[in-house]
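So this one's data03.cif, mmCIF, C-alpha atoms and all ligand atoms:
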data_data
loop_
_atom_site.group_PDB
_atom_site.id
_atom_site.type_symbol
_atom_site.label_atom_id
_atom_site.label_comp_id
_atom_site.auth_asym_id
_atom_site.auth_seq_id
_atom_site.Cartn_x
_atom_site.Cartn_y
_atom_site.Cartn_z
ATOM 1 C CA MET F 124 -7.162 13.174 11.783
ATOM 2 C CA ARG F 125 -3.462 13.591 12.100
ATOM 3 C CA ARG F 126 -1.669 15.647 9.490
ATOM 4 C CA ARG F 127 1.714 16.306 10.959
ATOM 5 C CA THR F 128 5.070 16.316 9.216
ATOM 6 C CA THR F 129 6.612 18.516 6.630
ATOM 7 C CA PHE F 130 5.237 20.565 3.831
ATOM 8 C CA ALA F 131 7.344 18.477 1.478
ATOM 9 C CA LEU F 132 5.477 15.301 2.392
ATOM 10 C CA LEU F 133 2.122 17.005 2.087
ATOM 11 C CA ALA F 134 3.173 18.334 -1.284
ATOM 12 C CA SER F 135 4.164 14.857 -2.464
ATOM 13 C CA LEU F 136 0.757 13.480 -1.657
ATOM 14 C CA ALA F 137 -1.015 16.548 -2.948
ATOM 15 C CA GLY F 138 0.762 15.633 -6.169
ATOM 16 C CA CYS F 139 -1.733 12.783 -6.356
ATOM 17 C CA ALA F 140 -4.063 15.410 -7.840
ATOM 18 C CA ARG F 141 -2.011 15.291 -11.015
ATOM 19 C CA ALA F 142 -2.055 12.401 -13.399
ATOM 20 C CA PRO F 143 0.824 10.148 -12.320
ATOM 21 C CA SER F 144 3.658 9.481 -14.707
ATOM 22 C CA PRO F 145 3.838 5.989 -16.205
ATOM 23 C CA PRO F 146 5.854 3.463 -14.254
ATOM 24 C CA PRO F 147 9.488 3.187 -15.314
ATOM 25 C CA ALA F 148 10.380 0.468 -17.793
ATOM 26 C CA ALA F 149 12.223 -2.579 -16.488
ATOM 27 C CA PRO F 150 15.907 -2.860 -17.432
ATOM 28 C CA PRO F 151 16.799 -5.397 -20.152
ATOM 29 C CA PRO F 152 16.488 -9.060 -19.113
ATOM 30 C CA GLU F 153 20.159 -9.878 -18.663
ATOM 31 C CA GLU F 154 19.853 -12.388 -15.822
ATOM 32 C CA PRO F 155 17.088 -14.374 -14.130
ATOM 33 C CA ALA F 156 14.908 -12.371 -11.779
ATOM 34 C CA ALA F 157 16.447 -12.094 -8.340
ATOM 35 C CA GLU F 158 15.103 -10.894 -5.049
ATOM 36 C CA PRO F 159 15.491 -7.126 -4.953
ATOM 37 C CA GLU F 160 18.233 -5.808 -2.748
ATOM 38 C CA THR F 161 17.345 -3.278 -0.074
ATOM 39 C CA LYS F 162 19.580 -0.261 -0.203
ATOM 40 C CA PHE F 163 17.882 1.655 2.575
ATOM 41 C CA ALA F 164 19.163 2.450 6.041
ATOM 42 C CA PRO F 165 18.097 0.107 8.869
ATOM 43 C CA LEU F 166 14.760 0.928 10.444
ATOM 44 C CA LEU F 167 14.256 2.566 13.793
ATOM 45 C CA ASP F 168 11.798 0.754 16.058
ATOM 46 C CA ILE F 169 8.311 2.310 16.008
ATOM 47 C CA ASP F 170 8.610 3.062 19.733
ATOM 48 C CA ASP F 171 11.783 5.061 19.165
ATOM 49 C CA PRO F 172 10.816 8.745 19.654
ATOM 50 C CA ALA F 173 12.859 9.585 16.544
ATOM 51 C CA ARG F 174 10.714 7.283 14.358
ATOM 52 C CA GLU F 175 8.297 9.292 12.229
ATOM 53 C CA PRO F 176 5.639 7.962 9.860
ATOM 54 C CA ASP F 177 7.160 7.583 6.390
ATOM 55 C CA VAL F 178 4.201 9.397 4.917
ATOM 56 C CA VAL F 179 1.369 11.463 6.392
ATOM 57 C CA PHE F 180 -2.242 10.285 6.650
ATOM 58 C CA TRP F 181 -3.860 11.429 3.451
ATOM 59 C CA PRO F 182 -7.059 9.455 2.950
ATOM 60 C CA THR F 183 -8.243 7.765 -0.219
ATOM 61 C CA PRO F 184 -11.628 9.302 -1.122
ATOM 62 C CA PRO F 185 -14.590 6.914 -0.627
ATOM 63 C CA SER F 186 -15.385 6.727 -4.358
ATOM 64 C CA VAL F 187 -11.774 5.705 -5.061
ATOM 65 C CA VAL F 188 -11.858 3.120 -2.232
ATOM 66 C CA GLU F 189 -14.890 1.600 -3.942
ATOM 67 C CA LYS F 190 -13.109 1.506 -7.318
ATOM 68 C CA MET F 191 -10.038 -0.122 -5.724
ATOM 69 C CA LEU F 192 -12.123 -2.883 -4.160
ATOM 70 C CA LEU F 193 -14.069 -3.477 -7.372
ATOM 71 C CA ALA F 194 -10.841 -3.509 -9.410
ATOM 72 C CA VAL F 195 -9.340 -6.315 -7.314
ATOM 73 C CA LYS F 196 -12.724 -8.108 -7.202
ATOM 74 C CA VAL F 197 -12.807 -8.507 -3.415
ATOM 75 C CA THR F 198 -15.044 -11.297 -2.099
ATOM 76 C CA LYS F 199 -15.880 -12.753 1.305
ATOM 77 C CA ASP F 200 -13.090 -15.286 0.774
ATOM 78 C CA ASP F 201 -10.399 -12.598 0.704
ATOM 79 C CA LEU F 202 -8.029 -11.425 3.391
ATOM 80 C CA VAL F 203 -7.258 -7.773 2.635
ATOM 81 C CA TYR F 204 -4.130 -6.099 4.003
ATOM 82 C CA ASP F 205 -3.986 -2.305 3.849
ATOM 83 C CA LEU F 206 -0.405 -1.178 4.386
ATOM 84 C CA GLY F 207 -0.501 2.166 6.149
ATOM 85 C CA SER F 208 -4.210 1.905 6.887
ATOM 86 C CA GLY F 209 -4.897 5.440 8.159
ATOM 87 C CA ASP F 210 -8.425 5.547 9.626
ATOM 88 C CA GLY F 211 -9.121 1.993 8.431
ATOM 89 C CA ARG F 212 -11.491 2.950 5.637
ATOM 90 C CA ILE F 213 -10.286 0.420 3.045
ATOM 91 C CA VAL F 214 -10.503 -2.752 5.122
ATOM 92 C CA ILE F 215 -13.696 -1.554 6.820
ATOM 93 C CA GLU F 216 -15.361 -0.981 3.450
ATOM 94 C CA ALA F 217 -14.109 -4.350 2.111
ATOM 95 C CA ALA F 218 -15.736 -6.043 5.108
ATOM 96 C CA ARG F 219 -18.909 -3.944 5.092
ATOM 97 C CA ARG F 220 -19.617 -4.256 1.397
ATOM 98 C CA PHE F 221 -18.125 -7.643 0.472
ATOM 99 C CA GLY F 222 -17.807 -9.540 3.760
ATOM 100 C CA ALA F 223 -14.025 -9.773 3.362
ATOM 101 C CA ARG F 224 -11.690 -10.202 6.313
ATOM 102 C CA GLY F 225 -9.012 -7.574 6.654
ATOM 103 C CA VAL F 226 -6.084 -6.284 8.626
ATOM 104 C CA GLY F 227 -4.956 -2.677 8.620
ATOM 105 C CA TYR F 228 -1.339 -2.029 9.552
ATOM 106 C CA GLU F 229 -0.652 1.473 10.754
ATOM 107 C CA ILE F 230 2.243 3.126 12.585
ATOM 108 C CA ASP F 231 0.185 5.863 14.258
ATOM 109 C CA ALA F 232 -1.394 4.643 17.499
ATOM 110 C CA LYS F 233 -4.201 7.226 17.392
ATOM 111 C CA LEU F 234 -5.219 6.128 13.898
ATOM 112 C CA VAL F 235 -5.211 2.485 15.016
ATOM 113 C CA GLU F 236 -7.589 3.386 17.847
ATOM 114 C CA GLU F 237 -9.792 5.427 15.506
ATOM 115 C CA SER F 238 -9.932 2.521 13.039
ATOM 116 C CA ARG F 239 -10.993 0.051 15.721
ATOM 117 C CA LYS F 240 -13.757 2.423 16.803
ATOM 118 C CA LYS F 241 -14.960 2.878 13.222
ATOM 119 C CA ALA F 242 -14.930 -0.879 12.602
ATOM 120 C CA LYS F 243 -17.130 -1.366 15.644
ATOM 121 C CA GLU F 244 -19.509 1.383 14.527
ATOM 122 C CA ALA F 245 -19.723 -0.230 11.073
ATOM 123 C CA GLY F 246 -20.468 -3.620 12.692
ATOM 124 C CA VAL F 247 -17.480 -5.328 11.072
ATOM 125 C CA ASP F 248 -15.112 -5.645 14.033
ATOM 126 C CA HIS F 249 -15.520 -9.443 13.867
ATOM 127 C CA LEU F 250 -14.028 -9.365 10.346
ATOM 128 C CA VAL F 251 -11.275 -6.784 10.594
ATOM 129 C CA SER F 252 -8.462 -5.887 12.941
ATOM 130 C CA PHE F 253 -5.916 -3.103 13.176
ATOM 131 C CA GLU F 254 -2.372 -3.432 14.361
ATOM 132 C CA ARG F 255 0.216 -0.826 15.178
ATOM 133 C CA LYS F 256 3.097 -2.118 13.112
ATOM 134 C CA ASP F 257 5.770 -0.866 10.807
ATOM 135 C CA ILE F 258 4.814 -2.083 7.339
ATOM 136 C CA PHE F 259 8.464 -2.776 6.450
ATOM 137 C CA THR F 260 8.589 -5.574 9.027
ATOM 138 C CA LEU F 261 5.485 -7.502 7.908
ATOM 139 C CA ASP F 262 5.092 -10.968 6.479
ATOM 140 C CA LEU F 263 2.564 -10.414 3.684
ATOM 141 C CA THR F 264 2.063 -14.064 2.728
ATOM 142 C CA PRO F 265 -1.323 -14.516 4.488
ATOM 143 C CA ALA F 266 -2.957 -11.760 2.356
ATOM 144 C CA THR F 267 -4.934 -12.427 -0.807
ATOM 145 C CA VAL F 268 -5.385 -8.695 -1.546
ATOM 146 C CA ILE F 269 -2.928 -5.905 -0.685
ATOM 147 C CA THR F 270 -3.873 -2.241 -0.930
ATOM 148 C CA LEU F 271 -1.343 0.584 -0.998
ATOM 149 C CA TYR F 272 -1.481 4.344 -0.807
ATOM 150 C CA ILE F 273 2.108 5.035 0.098
ATOM 151 C CA LEU F 274 4.919 6.866 -1.662
ATOM 152 C CA PRO F 275 6.918 5.206 -4.479
ATOM 153 C CA GLY F 276 10.090 4.985 -2.342
ATOM 154 C CA MET F 277 8.126 3.096 0.309
ATOM 155 C CA ILE F 278 6.750 0.666 -2.283
ATOM 156 C CA GLU F 279 10.294 0.152 -3.546
ATOM 157 C CA ARG F 280 11.471 -0.537 -0.032
ATOM 158 C CA MET F 281 8.733 -3.170 0.294
ATOM 159 C CA LEU F 282 9.735 -5.040 -2.878
ATOM 160 C CA PRO F 283 11.441 -7.887 -0.993
ATOM 161 C CA GLN F 284 8.212 -8.452 0.967
ATOM 162 C CA LEU F 285 5.942 -8.043 -2.061
ATOM 163 C CA ALA F 286 8.122 -10.470 -4.015
ATOM 164 C CA ARG F 287 7.228 -13.226 -1.549
ATOM 165 C CA VAL F 288 3.414 -12.931 -1.562
ATOM 166 C CA ARG F 289 1.403 -15.975 -2.569
ATOM 167 C CA PRO F 290 0.771 -16.481 -6.311
ATOM 168 C CA GLY F 291 -2.620 -15.025 -7.221
ATOM 169 C CA THR F 292 -2.474 -12.261 -4.589
ATOM 170 C CA ARG F 293 -3.819 -9.016 -6.062
ATOM 171 C CA ILE F 294 -1.890 -5.846 -5.235
ATOM 172 C CA ILE F 295 -3.398 -2.448 -5.949
ATOM 173 C CA SER F 296 -1.741 0.936 -5.542
ATOM 174 C CA HIS F 297 -3.564 4.229 -5.459
ATOM 175 C CA ASN F 298 -1.603 6.547 -7.767
ATOM 176 C CA PHE F 299 1.939 5.336 -7.170
ATOM 177 C CA PRO F 300 4.078 2.927 -9.221
ATOM 178 C CA MET F 301 6.249 0.021 -8.156
ATOM 179 C CA LYS F 302 9.734 0.774 -9.393
ATOM 180 C CA GLY F 303 10.682 -1.464 -12.298
ATOM 181 C CA VAL F 304 7.520 -3.596 -12.122
ATOM 182 C CA GLU F 305 4.970 -2.930 -14.849
ATOM 183 C CA PRO F 306 1.369 -3.119 -13.631
ATOM 184 C CA ASP F 307 -0.903 -5.679 -15.286
ATOM 185 C CA GLN F 308 -3.588 -3.008 -15.477
ATOM 186 C CA VAL F 309 -3.931 0.746 -14.945
ATOM 187 C CA ILE F 310 -7.419 1.987 -14.170
ATOM 188 C CA ASN F 311 -8.591 5.561 -14.351
ATOM 189 C CA ALA F 312 -10.379 6.561 -11.147
ATOM 190 C CA ASP F 313 -10.653 10.301 -11.737
ATOM 191 C CA GLU F 314 -13.098 12.346 -9.732
ATOM 192 C CA PRO F 315 -14.351 15.776 -10.776
ATOM 193 C CA GLY F 316 -11.362 18.112 -10.493
ATOM 194 C CA ARG F 317 -8.996 15.450 -9.250
ATOM 195 C CA ALA F 318 -7.039 12.773 -11.098
ATOM 196 C CA HIS F 319 -6.563 9.337 -9.590
ATOM 197 C CA SER F 320 -5.211 6.165 -11.077
ATOM 198 C CA LEU F 321 -5.128 2.617 -9.795
ATOM 199 C CA LEU F 322 -2.250 0.310 -10.638
ATOM 200 C CA LEU F 323 -2.957 -3.400 -10.366
ATOM 201 C CA TRP F 324 -0.579 -6.376 -10.203
ATOM 202 C CA THR F 325 -1.275 -10.062 -9.694
ATOM 203 C CA ALA F 326 1.500 -12.100 -8.037
ATOM 204 C CA PRO F 327 3.989 -13.403 -8.864
ATOM 205 C CA LEU F 328 5.427 -10.003 -9.700
ATOM 206 C CA LYS F 329 7.578 -9.605 -12.772
ATOM 207 C CA LEU F 330 10.521 -8.235 -10.839
ATOM 208 C CA PRO F 331 13.317 -6.126 -12.276
ATOM 209 C CA ARG F 332 16.251 -8.198 -13.434
ATOM 210 C CA ARG F 333 19.722 -7.474 -12.198
ATOM 211 C CA ALA F 334 22.458 -6.560 -14.630
ATOM 212 C CA PRO F 335 25.319 -9.097 -14.655
ATOM 213 C CA ALA F 336 28.223 -8.319 -12.340
ATOM 214 C CA ALA F 337 31.136 -6.580 -14.088
ATOM 215 C CA ALA F 338 34.063 -8.864 -14.986
ATOM 216 C CA PRO F 339 36.959 -8.563 -12.497
HETATM 217 C C1 LIG F 401 -1.512 8.207 2.563
HETATM 218 S S1 LIG F 401 -2.098 7.451 4.055
HETATM 219 C C2 LIG F 401 -3.188 6.192 3.387
HETATM 220 C C3 LIG F 401 -4.250 5.760 4.361
HETATM 221 C C4 LIG F 401 -5.217 4.695 3.831
HETATM 222 N N1 LIG F 401 -4.512 3.528 3.343
HETATM 223 C C5 LIG F 401 -6.053 5.249 2.720
HETATM 224 O O1 LIG F 401 -5.771 4.938 1.546
HETATM 225 O O2 LIG F 401 -6.977 6.034 3.031
HETATM 226 C C6 LIG F 401 -0.624 6.516 4.564
HETATM 227 C C7 LIG F 401 -0.657 5.983 5.993
HETATM 228 O O3 LIG F 401 0.546 5.238 6.217
HETATM 229 C C8 LIG F 401 0.922 5.400 7.585
HETATM 230 N N2 LIG F 401 2.347 5.061 7.682
HETATM 231 C C9 LIG F 401 3.411 5.810 7.330
HETATM 232 N N3 LIG F 401 4.556 5.132 7.506
HETATM 233 C C10 LIG F 401 4.209 3.901 7.985
HETATM 234 C C11 LIG F 401 4.948 2.740 8.358
HETATM 235 N N4 LIG F 401 6.280 2.676 8.239
HETATM 236 N N5 LIG F 401 4.277 1.654 8.801
HETATM 237 C C12 LIG F 401 2.916 1.707 8.946
HETATM 238 N N6 LIG F 401 2.158 2.769 8.583
HETATM 239 C C13 LIG F 401 2.789 3.858 8.115
HETATM 240 C C14 LIG F 401 0.596 6.854 7.865
HETATM 241 O O4 LIG F 401 0.462 7.094 9.256
HETATM 242 C C15 LIG F 401 -0.704 7.035 7.075
HETATM 243 O O5 LIG F 401 -1.822 6.807 7.886
#
Write out the structure in this file as structure tokens.
Ligand SMILES: C[S@@+](CC[C@H](N)C(=O)[O-])C[C@H]1O[C@@H](n2cnc3c(N)ncnc32)[C@H](O)[C@@H]1O
Amino acid sequence: MRRRTTFALLASLAGCARAPSPPPAAPPPEEPAAEPETKFAPLLDIDDPAREPDVVFWPTPPSVVEKMLLAVKVTKDDLVYDLGSGDGRIVIEAARRFGARGVGYEIDAKLVEESRKKAKEAGVDHLVSFERKDIFTLDLTPATVITLYILPGMIERMLPQLARVRPGTRIISHNFPMKGVEPDQVINADEPGRAHSLLLWTAPLKLPRRAPAAAP
């Protein structure tokens, strides 16, 4: 298991042990919903030596994985995308338990290899695959279920992609909110001594509305 990067990143994920704060309220509906603008710097290619994972591998505990999959009601007809798939546990469990197809997208080559090995061991390698990709470059429209355990800033950065998913796609985030987009449901997934919450949206997302441009 790879746990490199800074103390600050570890601390942010360790913060998952606390109850998360409620998602921020959307601004007043001044104008029709528009595609969110990206205000982040351009991405470095994943093969660029300067490119680091945007968050460390910090796994979702098995009991919480189970609650996530039950919350989105995964079936064999689903195609599950886990964005930042770590050791592959979410898509492997969705395939093992519910017969769902899945793809895990992960930036760390070693974790991609580990996931493929685990899928084979679990006998679900015909249902799932793992790709070394940067999640910010993905087309998410094939998915029917999207699972997230990434930091709020990363979810915000993915809003343009999430805004385009097919209607009816279920999106579930372990602990972290989607800026400006109220979840349809928040589910308590606490374990003894550790707080977890699951935030669930069904597409189309109710995106934040832009304030009108100031008069010249
Ligand atoms: C907190 S872990 C979650 C792992 C898994 N989804 C789970 O819930 O157990 C986040 C994962 O995202 C990966 N990651 C970070 N930045 C990424 C990026 N830009 N594209 C793809 N994966 C990324 C990390 O390597 C890490 O494995």
Taking all atoms listed in the file and a cut-off of 8 Å, can you tell me which residues surround ligand LIG 401 (chain F), written as a PyMOL selection string? chain F and resi 136+175-184+188+205-213+228-231+234+255-259+270-274+297
Name the closest residue to Ala242 in chain F among the candidates F:Pro185, F:Ala218, F:Pro275, F:Asp262; distances are taken between atoms, counting all atoms listed in the file.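 For Ala242 in chain F, the nearest of the given residues is F:Ala218.
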Evaluate the PyMOL selection byres (((chain F and resi 329) around 8) and not hetatm) on the structure here and hand back the selected residues as a PyMOL selection string. chain F and resi 156+304-305+327-328+330-331
Take CA of Ser296 in chain F and CA of Pro172 in chain F and report the distance between them in Å, one decimal.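 A separation of 29.2 Å between them.
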Quick one: pull the distance between CA of Ala312 in chain F and CA of Val226 in chain F, Å, one decimal. 24.0 Å
For this file, the PyMOL selection byres (((chain F and resi 266) around 10) and not hetatm) selects which residues, as an mmCIF file with C-alpha atoms, in the coordinates of the input?
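Saved the output as out05.cif:
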data_model
loop_
_atom_site.group_PDB
_atom_site.id
_atom_site.type_symbol
_atom_site.label_atom_id
_atom_site.label_comp_id
_atom_site.auth_asym_id
_atom_site.auth_seq_id
_atom_site.Cartn_x
_atom_site.Cartn_y
_atom_site.Cartn_z
ATOM 1 C CA ASP F 201 -10.399 -12.598 0.704
ATOM 2 C CA LEU F 202 -8.029 -11.425 3.391
ATOM 3 C CA VAL F 203 -7.258 -7.773 2.635
ATOM 4 C CA TYR F 204 -4.130 -6.099 4.003
ATOM 5 C CA ASP F 205 -3.986 -2.305 3.849
ATOM 6 C CA ARG F 224 -11.690 -10.202 6.313
ATOM 7 C CA GLY F 225 -9.012 -7.574 6.654
ATOM 8 C CA VAL F 226 -6.084 -6.284 8.626
ATOM 9 C CA ASP F 262 5.092 -10.968 6.479
ATOM 10 C CA LEU F 263 2.564 -10.414 3.684
ATOM 11 C CA THR F 264 2.063 -14.064 2.728
ATOM 12 C CA PRO F 265 -1.323 -14.516 4.488
ATOM 13 C CA THR F 267 -4.934 -12.427 -0.807
ATOM 14 C CA VAL F 268 -5.385 -8.695 -1.546
ATOM 15 C CA ILE F 269 -2.928 -5.905 -0.685
ATOM 16 C CA VAL F 288 3.414 -12.931 -1.562
ATOM 17 C CA ARG F 289 1.403 -15.975 -2.569
ATOM 18 C CA THR F 292 -2.474 -12.261 -4.589
ATOM 19 C CA ARG F 293 -3.819 -9.016 -6.062
ATOM 20 C CA ILE F 294 -1.890 -5.846 -5.235
#
